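Raw upload.cif, mmCIF, C-alpha atoms and all ligand atoms:
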```cif
data_target
#
loop_
_atom_site.label_atom_id
_atom_site.label_comp_id
_atom_site.auth_asym_id
_atom_site.auth_seq_id
_atom_site.Cartn_x
_atom_site.Cartn_y
_atom_site.Cartn_z
CA MET A 1 -52.65 83.92 23.10
CA GLN A 2 -53.47 84.68 26.74
CA ALA A 3 -53.16 82.17 29.54
CA GLY A 4 -56.53 80.94 30.75
CA LYS A 5 -58.41 81.43 27.49
CA ALA A 6 -60.39 78.27 26.86
CA THR A 7 -60.26 75.70 24.10
CA GLU A 8 -59.19 77.72 21.10
CA VAL A 9 -56.59 75.10 20.25
CA GLN A 10 -57.72 71.57 19.44
CA ALA A 11 -55.58 68.55 20.28
CA ALA A 12 -54.66 66.30 17.39
CA PRO A 13 -56.21 62.87 18.05
CA GLY A 14 -53.49 60.30 18.64
CA ARG A 15 -50.34 59.90 20.66
CA VAL A 16 -47.06 61.80 20.84
CA ILE A 17 -43.82 60.04 21.86
CA VAL A 18 -40.82 62.21 22.71
CA LYS A 19 -37.25 61.02 23.29
CA VAL A 20 -35.18 63.53 25.24
CA PRO A 21 -31.49 63.45 26.20
CA ALA A 22 -29.97 63.67 29.67
CA SER A 23 -27.66 66.57 30.41
CA THR A 24 -24.69 67.53 32.50
CA ALA A 25 -24.61 71.05 33.92
CA ASN A 26 -21.79 73.44 34.81
CA LEU A 27 -18.91 71.56 33.12
CA GLY A 28 -16.87 72.76 36.11
CA PRO A 29 -16.55 76.56 36.13
CA GLY A 30 -19.68 77.40 34.09
CA PHE A 31 -21.94 77.23 37.14
CA ASP A 32 -25.61 77.48 36.10
CA SER A 33 -24.47 78.34 32.59
CA LEU A 34 -22.68 75.60 30.62
CA GLY A 35 -24.47 72.36 29.81
CA MET A 36 -24.01 69.39 27.51
CA ALA A 37 -26.55 66.82 26.30
CA LEU A 38 -25.58 63.17 26.84
CA SER A 39 -26.48 59.89 25.11
CA LEU A 40 -28.75 58.71 27.89
CA TYR A 41 -32.49 59.21 27.41
CA SER A 42 -35.99 59.57 28.79
CA TRP A 43 -39.11 58.90 26.76
CA ILE A 44 -42.51 60.46 27.34
CA SER A 45 -45.65 59.35 25.60
CA MET A 46 -48.73 61.55 25.86
CA ALA A 47 -52.28 61.42 24.53
CA PRO A 48 -55.59 63.09 25.41
CA ALA A 49 -57.74 60.76 27.54
CA GLU A 50 -61.08 60.53 29.33
CA LYS A 51 -59.38 59.98 32.69
CA THR A 52 -55.78 60.72 33.62
CA ARG A 53 -53.49 57.69 33.85
CA ILE A 54 -49.72 57.83 34.40
CA THR A 55 -47.66 54.72 33.67
CA LEU A 56 -44.00 54.49 34.73
CA VAL A 57 -41.79 52.04 32.84
CA GLY A 58 -38.36 50.80 33.94
CA ASP A 59 -36.22 50.83 37.08
CA HIS A 60 -35.29 54.51 37.29
CA LEU A 61 -38.53 56.17 38.34
CA ALA A 62 -39.01 54.84 41.87
CA GLY A 63 -40.91 57.34 44.01
CA VAL A 64 -42.14 59.43 41.07
CA SER A 65 -45.82 60.23 41.53
CA GLU A 66 -48.46 58.62 39.33
CA ASP A 67 -51.21 61.18 39.84
CA LYS A 68 -51.82 64.78 38.78
CA THR A 69 -48.93 65.98 40.98
CA ASN A 70 -46.53 64.31 38.51
CA LEU A 71 -44.06 66.84 37.09
CA VAL A 72 -44.78 65.79 33.49
CA TYR A 73 -48.53 66.22 33.96
CA GLU A 74 -48.09 69.62 35.63
CA VAL A 75 -45.73 70.92 32.95
CA ALA A 76 -48.09 69.71 30.19
CA GLN A 77 -50.94 71.65 31.81
CA ALA A 78 -48.77 74.79 31.87
CA VAL A 79 -48.28 74.42 28.10
CA PHE A 80 -52.02 73.98 27.51
CA ARG A 81 -52.83 77.05 29.63
CA LYS A 82 -50.36 79.18 27.69
CA ALA A 83 -51.59 77.80 24.36
CA GLY A 84 -55.24 78.33 25.25
CA ALA A 85 -56.06 74.62 25.10
CA ASP A 86 -58.18 72.62 27.51
CA LEU A 87 -56.87 69.05 27.99
CA PRO A 88 -57.27 68.23 31.68
CA GLU A 89 -57.14 64.44 31.24
CA LEU A 90 -54.06 62.76 29.80
CA GLU A 91 -52.70 59.30 29.21
CA ILE A 92 -49.00 59.65 30.06
CA GLY A 93 -46.26 57.03 29.89
CA ILE A 94 -42.73 57.72 31.12
CA ARG A 95 -39.64 55.60 30.66
CA SER A 96 -36.27 56.86 31.77
CA ASP A 97 -32.74 55.54 31.60
CA ILE A 98 -31.58 58.67 33.48
CA PRO A 99 -31.15 57.89 37.17
CA LEU A 100 -32.94 60.35 39.47
CA ALA A 101 -31.07 62.93 41.54
CA ARG A 102 -27.60 61.95 40.31
CA GLY A 103 -26.64 65.17 38.51
CA LEU A 104 -27.62 63.92 35.05
CA GLY A 105 -30.56 66.26 34.55
CA SER A 106 -33.47 63.85 35.11
CA SER A 107 -35.81 66.67 36.13
CA ALA A 108 -34.74 68.85 33.19
CA ALA A 109 -35.35 65.95 30.78
CA ALA A 110 -38.80 65.41 32.30
CA ILE A 111 -39.62 69.12 31.97
CA VAL A 112 -38.33 69.41 28.39
CA GLY A 113 -39.99 66.14 27.35
CA ALA A 114 -43.31 67.27 28.83
CA LEU A 115 -43.10 70.71 27.18
CA VAL A 116 -42.32 69.28 23.77
CA ALA A 117 -44.89 66.46 23.97
CA ALA A 118 -47.67 68.77 25.15
CA ASN A 119 -46.81 71.35 22.52
CA ALA A 120 -46.89 68.69 19.80
CA LEU A 121 -50.35 67.64 21.02
CA VAL A 122 -51.62 71.17 20.41
CA GLY A 123 -50.05 71.44 16.98
CA GLY A 124 -46.88 73.30 17.98
CA ALA A 125 -48.77 76.34 19.30
CA LEU A 126 -45.72 77.57 21.28
CA THR A 127 -42.40 78.53 19.74
CA GLU A 128 -39.09 76.88 20.69
CA ASP A 129 -38.10 80.09 22.46
CA GLU A 130 -41.32 80.05 24.51
CA LEU A 131 -40.56 76.46 25.52
CA PHE A 132 -37.01 77.42 26.55
CA GLN A 133 -38.31 80.35 28.62
CA MET A 134 -40.82 78.09 30.36
CA ALA A 135 -38.22 75.36 30.94
CA SER A 136 -35.72 77.83 32.46
CA GLU A 137 -38.40 79.33 34.69
CA LEU A 138 -39.44 75.87 35.91
CA GLU A 139 -35.94 74.36 36.41
CA LYS A 140 -34.30 77.69 37.39
CA HIS A 141 -31.00 76.66 35.77
CA PRO A 142 -30.87 77.03 31.97
CA ASP A 143 -27.78 74.82 31.59
CA ASN A 144 -29.62 71.49 32.00
CA VAL A 145 -32.82 72.43 30.16
CA GLY A 146 -30.92 74.20 27.37
CA ALA A 147 -28.81 71.10 26.70
CA SER A 148 -31.82 68.77 26.74
CA LEU A 149 -33.80 71.10 24.46
CA PHE A 150 -31.13 71.97 21.91
CA GLY A 151 -28.63 69.11 22.17
CA GLY A 152 -24.85 69.57 21.97
CA ILE A 153 -23.25 72.08 24.31
CA VAL A 154 -25.07 75.24 25.41
CA ALA A 155 -23.77 78.41 27.01
CA ALA A 156 -26.86 79.88 28.66
CA SER A 157 -27.96 82.60 31.04
CA TRP A 158 -31.15 83.22 32.96
CA ASP A 159 -31.66 86.52 34.81
CA GLY A 160 -34.87 85.48 36.52
CA ASP A 161 -36.86 86.98 33.70
CA ARG A 162 -35.37 85.90 30.37
CA ALA A 163 -33.13 83.05 29.30
CA ASP A 164 -30.66 83.27 26.41
CA TYR A 165 -28.34 80.66 24.96
CA VAL A 166 -25.84 79.85 22.26
CA ARG A 167 -25.47 76.24 21.11
CA LEU A 168 -22.03 74.85 20.32
CA GLU A 169 -21.20 71.68 18.43
CA PRO A 170 -19.25 69.37 20.79
CA PRO A 171 -15.67 68.70 19.69
CA ALA A 172 -15.27 65.49 17.66
CA GLY A 173 -13.75 62.50 19.43
CA MET A 174 -14.67 63.60 22.95
CA GLU A 175 -16.05 60.78 25.09
CA VAL A 176 -17.56 61.07 28.54
CA LEU A 177 -17.06 58.58 31.34
CA ALA A 178 -19.89 58.97 33.87
CA ALA A 179 -19.17 57.59 37.32
CA ILE A 180 -22.60 57.33 38.93
CA PRO A 181 -22.61 56.66 42.69
CA GLU A 182 -25.43 54.52 44.03
CA PHE A 183 -26.64 57.26 46.38
CA GLU A 184 -28.95 60.13 45.39
CA LEU A 185 -28.15 63.78 46.01
CA ALA A 186 -31.03 66.23 45.57
CA THR A 187 -30.06 69.46 43.83
CA LYS A 188 -31.60 71.41 46.71
CA LYS A 189 -29.27 69.76 49.23
CA ALA A 190 -26.23 70.32 46.99
CA ARG A 191 -27.12 74.03 46.63
CA ASN A 192 -27.65 74.45 50.36
CA VAL A 193 -23.94 73.80 51.04
CA LEU A 194 -22.86 76.73 48.85
CA PRO A 195 -21.83 79.99 50.54
CA GLU A 196 -23.96 83.13 50.23
CA GLN A 197 -20.92 85.13 49.13
CA VAL A 198 -17.58 84.39 47.45
CA SER A 199 -14.38 86.41 47.16
CA ILE A 200 -13.63 88.51 44.07
CA LYS A 201 -10.56 86.28 43.60
CA ASP A 202 -12.70 83.16 43.26
CA ALA A 203 -15.27 84.97 41.08
CA VAL A 204 -12.49 86.09 38.71
CA PHE A 205 -11.05 82.57 38.71
CA ASN A 206 -14.39 81.20 37.51
CA VAL A 207 -15.12 83.90 34.96
CA THR A 208 -11.72 83.41 33.34
CA HIS A 209 -11.86 79.63 33.37
CA SER A 210 -15.45 79.49 32.14
CA SER A 211 -14.59 81.81 29.24
CA LEU A 212 -11.50 79.78 28.41
CA LEU A 213 -13.48 76.53 28.57
CA THR A 214 -16.24 77.84 26.29
CA ALA A 215 -13.69 78.99 23.73
CA ALA A 216 -11.73 75.73 24.03
CA LEU A 217 -14.88 73.67 23.43
CA ALA A 218 -15.92 75.87 20.51
CA SER A 219 -12.53 75.55 18.83
CA GLY A 220 -11.78 71.91 19.62
CA ARG A 221 -8.84 72.67 21.96
CA LEU A 222 -9.17 69.46 23.97
CA ASP A 223 -5.65 70.01 25.33
CA LEU A 224 -6.93 72.93 27.43
CA LEU A 225 -9.82 71.11 29.14
CA GLY A 226 -7.84 69.85 32.15
CA ARG A 227 -6.92 73.37 33.26
CA ALA A 228 -10.01 75.17 31.93
CA MET A 229 -12.46 72.89 33.79
CA ARG A 230 -11.24 73.96 37.23
CA ASP A 231 -13.83 75.63 39.46
CA ARG A 232 -13.91 77.50 42.77
CA LEU A 233 -17.61 78.36 43.07
CA HIS A 234 -19.33 75.06 43.79
CA GLN A 235 -17.15 71.94 43.54
CA PRO A 236 -14.93 72.67 46.59
CA TYR A 237 -18.05 73.01 48.79
CA ARG A 238 -19.85 70.00 47.34
CA ALA A 239 -16.82 67.73 47.67
CA ALA A 240 -17.72 67.00 51.30
CA LEU A 241 -20.97 65.37 50.08
CA ILE A 242 -19.21 63.00 47.67
CA PRO A 243 -16.44 60.83 49.12
CA GLY A 244 -13.63 60.29 46.58
CA MET A 245 -14.58 63.28 44.44
CA GLU A 246 -11.62 65.48 45.38
CA LYS A 247 -9.05 62.78 44.58
CA ILE A 248 -10.71 61.85 41.29
CA LEU A 249 -10.92 65.46 40.08
CA ARG A 250 -7.30 66.11 41.14
CA GLU A 251 -5.75 62.98 39.66
CA ALA A 252 -7.96 62.13 36.63
CA THR A 253 -5.70 63.78 34.05
CA GLY A 254 -2.80 61.67 35.35
CA HIS A 255 -4.83 58.59 34.41
CA GLY A 256 -5.60 59.67 30.84
CA ALA A 257 -8.61 62.01 31.23
CA LEU A 258 -8.76 65.32 29.39
CA GLY A 259 -10.53 66.84 32.39
CA ALA A 260 -12.87 65.85 35.23
CA VAL A 261 -15.80 67.60 36.90
CA LEU A 262 -18.79 67.11 39.13
CA SER A 263 -21.84 66.58 36.87
CA GLY A 264 -24.47 69.19 37.71
CA ALA A 265 -25.19 69.19 41.40
CA GLY A 266 -23.71 65.67 41.71
CA PRO A 267 -23.06 63.06 42.88
CA THR A 268 -22.07 61.78 39.39
CA LEU A 269 -18.52 62.59 38.31
CA LEU A 270 -17.69 63.10 34.63
CA LEU A 271 -14.31 62.34 33.15
CA LEU A 272 -13.82 63.62 29.62
CA ALA A 273 -11.49 61.59 27.43
CA GLU A 274 -10.45 60.82 23.89
CA THR A 275 -11.93 57.74 22.21
CA ALA A 276 -8.80 55.59 22.71
CA GLN A 277 -9.36 55.71 26.49
CA ILE A 278 -12.48 53.51 26.19
CA ALA A 279 -10.44 50.47 25.15
CA ASP A 280 -7.59 51.33 27.53
CA GLY A 281 -9.63 50.70 30.68
CA SER A 282 -7.30 52.49 33.10
CA LEU A 283 -9.63 55.42 33.69
CA VAL A 284 -12.50 53.14 34.72
CA ALA A 285 -10.14 51.14 36.96
CA PHE A 286 -8.89 54.36 38.61
CA VAL A 287 -12.41 55.63 39.35
CA GLU A 288 -13.58 52.27 40.70
CA ARG A 289 -10.48 51.96 42.90
CA VAL A 290 -10.93 55.40 44.47
CA MET A 291 -14.67 55.01 45.03
CA SER A 292 -14.44 51.51 46.48
CA GLY A 293 -11.66 52.78 48.79
CA GLU A 294 -14.27 55.21 50.13
CA GLY A 295 -16.86 52.43 50.45
CA ILE A 296 -19.00 53.90 47.63
CA ARG A 297 -20.56 51.66 44.99
CA VAL A 298 -20.38 53.32 41.61
CA LYS A 299 -21.59 52.46 38.09
CA THR A 300 -19.36 53.60 35.24
CA ARG A 301 -20.75 54.27 31.77
CA TRP A 302 -19.12 55.62 28.65
CA LEU A 303 -21.45 58.15 27.04
CA GLN A 304 -21.15 60.53 24.12
CA PRO A 305 -22.30 64.11 23.77
CA CYS A 306 -25.80 63.93 22.26
CA LEU A 307 -25.99 66.20 19.24
CA HIS A 308 -29.74 66.57 19.07
CA GLY A 309 -32.60 67.76 21.27
CA PRO A 310 -35.95 65.98 21.64
CA GLN A 311 -37.08 63.68 18.85
CA VAL A 312 -40.84 63.61 18.35
CA ARG A 313 -42.96 60.86 16.85
CA GLN A 314 -46.68 61.32 16.36
CA VAL A 315 -48.96 58.34 15.84
CA ALA A 316 -52.43 59.32 14.68
CA LYS A 317 -55.39 57.35 15.98
CA SER A 318 -56.17 56.32 12.40
CA ASP A 319 -52.63 54.88 11.98
CA PRO A 320 -52.62 51.03 11.96
CA GLU A 321 -49.62 51.26 14.36
CA PHE A 322 -51.68 53.12 16.97
CA LYS A 323 -51.98 51.27 20.31
CA GLU A 324 -54.04 52.32 23.33
CA GLU A 325 -51.37 51.18 25.85
CA PRO A 326 -48.39 53.56 26.27
CA GLN A 327 -46.16 50.71 27.54
CA VAL A 328 -46.10 49.23 24.05
CA TYR A 329 -44.19 52.26 22.77
CA LEU A 330 -41.96 52.66 25.79
CA GLN A 331 -40.86 49.04 26.16
CA SER A 332 -39.65 48.76 22.58
CA VAL A 333 -37.47 51.91 22.51
CA GLN A 334 -33.76 51.27 22.13
CA SER A 335 -31.32 52.47 24.73
CA GLU A 336 -28.19 53.91 23.12
CA VAL A 337 -26.00 53.70 26.16
CA VAL A 338 -22.45 52.60 25.43
CA VAL A 339 -21.42 50.60 28.46
N1 LIG B 1 -39.68 61.58 34.58
C1 LIG B 1 -39.99 62.23 35.71
N2 LIG B 1 -41.26 62.39 36.05
C2 LIG B 1 -41.59 63.07 37.15
N3 LIG B 1 -40.69 63.60 38.02
C3 LIG B 1 -39.41 63.47 37.73
C4 LIG B 1 -38.98 62.77 36.56
N4 LIG B 1 -37.63 62.81 36.52
C5 LIG B 1 -37.24 63.50 37.62
N5 LIG B 1 -38.29 63.89 38.34
C6 LIG B 1 -38.25 64.65 39.60
O1 LIG B 1 -37.02 65.34 39.70
C7 LIG B 1 -36.31 64.96 40.91
C8 LIG B 1 -34.83 64.98 40.70
O2 LIG B 1 -34.45 66.30 40.46
P1 LIG B 1 -33.03 66.89 40.91
O3 LIG B 1 -32.94 68.26 40.34
O4 LIG B 1 -32.87 66.73 42.39
O5 LIG B 1 -31.98 65.90 40.24
P2 LIG B 1 -31.54 65.72 38.75
O6 LIG B 1 -32.40 66.56 37.86
O7 LIG B 1 -31.54 64.26 38.46
O8 LIG B 1 -30.03 66.19 38.80
P3 LIG B 1 -29.31 67.59 38.35
O9 LIG B 1 -30.34 68.65 38.25
O10 LIG B 1 -28.27 67.86 39.38
O11 LIG B 1 -28.68 67.26 37.03
C9 LIG B 1 -36.84 63.57 41.19
O12 LIG B 1 -36.67 63.22 42.54
C10 LIG B 1 -38.32 63.69 40.78
O13 LIG B 1 -39.06 64.33 41.78
N1 LIG B 2 -26.34 74.23 37.80
C1 LIG B 2 -27.11 73.48 38.75
C2 LIG B 2 -27.46 72.17 38.11
C3 LIG B 2 -28.40 71.35 38.93
O1 LIG B 2 -29.65 71.33 38.35
C4 LIG B 2 -26.30 73.23 40.04
O2 LIG B 2 -25.12 72.89 39.93
O3 LIG B 2 -26.84 73.38 41.13
#
```
Kindly return the structure encoded in the file as structure tokens.
Ligand SMILES: Nc1ncnc2c1ncn2[C@@H]1O[C@H](COP(=O)(O)OP(=O)(O)OP(=O)(O)O)[C@@H](O)[C@H]1O
Ligand SMILES: N[C@@H](CCO)C(=O)O
Amino acid sequence: MQAGKATEVQAAPGRVIVKVPASTANLGPGFDSLGMALSLYSWISMAPAEKTRITLVGDHLAGVSEDKTNLVYEVAQAVFRKAGADLPELEIGIRSDIPLARGLGSSAAAIVGALVAANALVGGALTEDELFQMASELEKHPDNVGASLFGGIVAASWDGDRADYVRLEPPAGMEVLAAIPEFELATKKARNVLPEQVSIKDAVFNVTHSSLLTAALASGRLDLLGRAMRDRLHQPYRAALIPGMEKILREATGHGALGAVLSGAGPTLLLLAETAQIADGSLVAFVERVMSGEGIRVKTRWLQPCLHGPQVRQVAKSDPEFKEEPQVYLQSVQSEVVV
């Protein structure tokens, strides 16, 4: 169907609620390529309306716009254009447990959630591949959107025209300690500190380590993560923006981590560990000690790889459970964060 063709697709009356996982990008050397979905979520509820209304629920959406410039609204309209549907007015509710601009893929989750919700409203007119192409084009990095869309671990590429991916099942027993600094770091700022060119030596270092890491993750070789997660393309340059990062990445394995990386564009740091480390407590104590020594307040959260992509619930208008207010759905959803 061509973009711009009017109202061939009818919206199903009722509301769609989509739960979408956060993501971590890069996993160290896989810059703009490797991503993993995490057990931290955003929820988007969407329904056709007479007049657009955007409701934000929770503490993590400060500053997000509540008019038609909202990312979720804009992405939904892109889906309708491509599907040949005409739904200019929407009732949108957004709740997010994913802090903004911390390297946990909040914008990718918003994009993926909006794509999937809007597509469900028009009866699944677009294929999963079309949604992935649109998501990669919008976010520009397929690692975050791929992980949020497919769950698990993705190895992805985007050449500016087409995105491709392979999904991997995360190794069993791998836990993720997220150390989330209180300050925000916009992806744009964290990309601006990267050099225009790198040496062939550093490029080879990353290609070899990224390949090793992908194979290690695919085959459950957790023993290799510490060495395979090293990176020379982005982390050394971004370290100046995140006090304490260099020491934590260098010393984490000495405190029981399998490996440690900057999450996406930062400032969150991720320490991968085996399940026994959760009860041990020394990894959390190490991270908190280093960050407080730098005067940085940090929240630590144990998360798991999330094995699934978006989960969609549709409530028809005729359903006795149907409610006009989106908050009703978003306030009752259960957070699955393991603190
Ligand atoms: N639910 C949402 N609704 C609308 N806009 C959102 C939503 N979530 C995120 N955004 C937009 O995305 C911006 C954050 O994007 P940015 O790429 O800087 O960080 P991130 O996606 O959290 O981290 P990273 O890409 O490094 O993992 C927010 O400041 C906001 O403008
Ligand atoms: N791969 C991207 C993720 C941020 O969206 C980066 O590190 O800049």
Report as a ChimeraX atom specification all protein, DNA and RNA residues lying within 8 Å of stretch 65-74 of chain A, evaluated on only C-alpha atoms, omitting residues in the same chain fewer than 4 positions from it. /A:52-56,78,90,92,110-111,113-114
Counting all atoms listed in the file, which of A:Arg102, A:Arg191, A:Arg15, A:Lys247 gets nearest to ligand LIG 2 (chain B)? A:Arg191
In terms of the shortest atom-to-atom distance over all atoms listed in the file, which of A:Ile153, A:Leu185, A:Leu40, A:Ile17 is closest to A:Leu307? A:Ile153
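In this model, the gap between atom CA of A:Ala203 and atom CA of A:Gly35 comes to 19.3 Å.
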Mind giving me the axis-aligned box for ligand LIG 1 (chain B) with 8 Å on every side, centre plus edges in Å to one decimal, as AutoDock Vina command-line options?
```
--center_x -34.9 --center_y 65.1 --center_z 38.6 --size_x 29.3 --size_y 23.1 --size_z 24.0
```
How would you write, as number ranges by chain, the set of residues no farther than 8 Å from ligand LIG 1 (chain B) when counting all atoms listed in the file? A: 23-25, 42, 44, 61, 63-65, 70-72, 94-96, 98-111, 139, 144, 185-188, 263-267
Using all atoms listed in the file, pick whichever of A:Met291, A:Ala285, A:Ala228, A:Val16 has the shortest atom-to-atom distance to A:Gly244. A:Met291
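Pairwise distance (atom CA of A:Ala62, atom CA of A:Val298) equals 18.7 Å.
The gap separating atom CA of A:Ala117 from atom CA of A:Gln304 is 24.5 Å, in Å to one decimal.
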Which is closer to A:Leu303 than all the others in A:Val207, A:Leu168, A:Val176, A:Ala279, using only C-alpha atoms? A:Val176
Which of these residues is nearest to A:Ala216, using all atoms listed in the file: A:Pro170, A:Arg238, A:Lys140, A:Ala260?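 Closest candidate: A:Pro170.
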Taking only C-alpha atoms and all ligand atoms into account, name the residue in A:Ala147, A:Ala47, A:Val57, A:Val75 that is nearest to ligand LIG 2 (chain B). A:Ala147
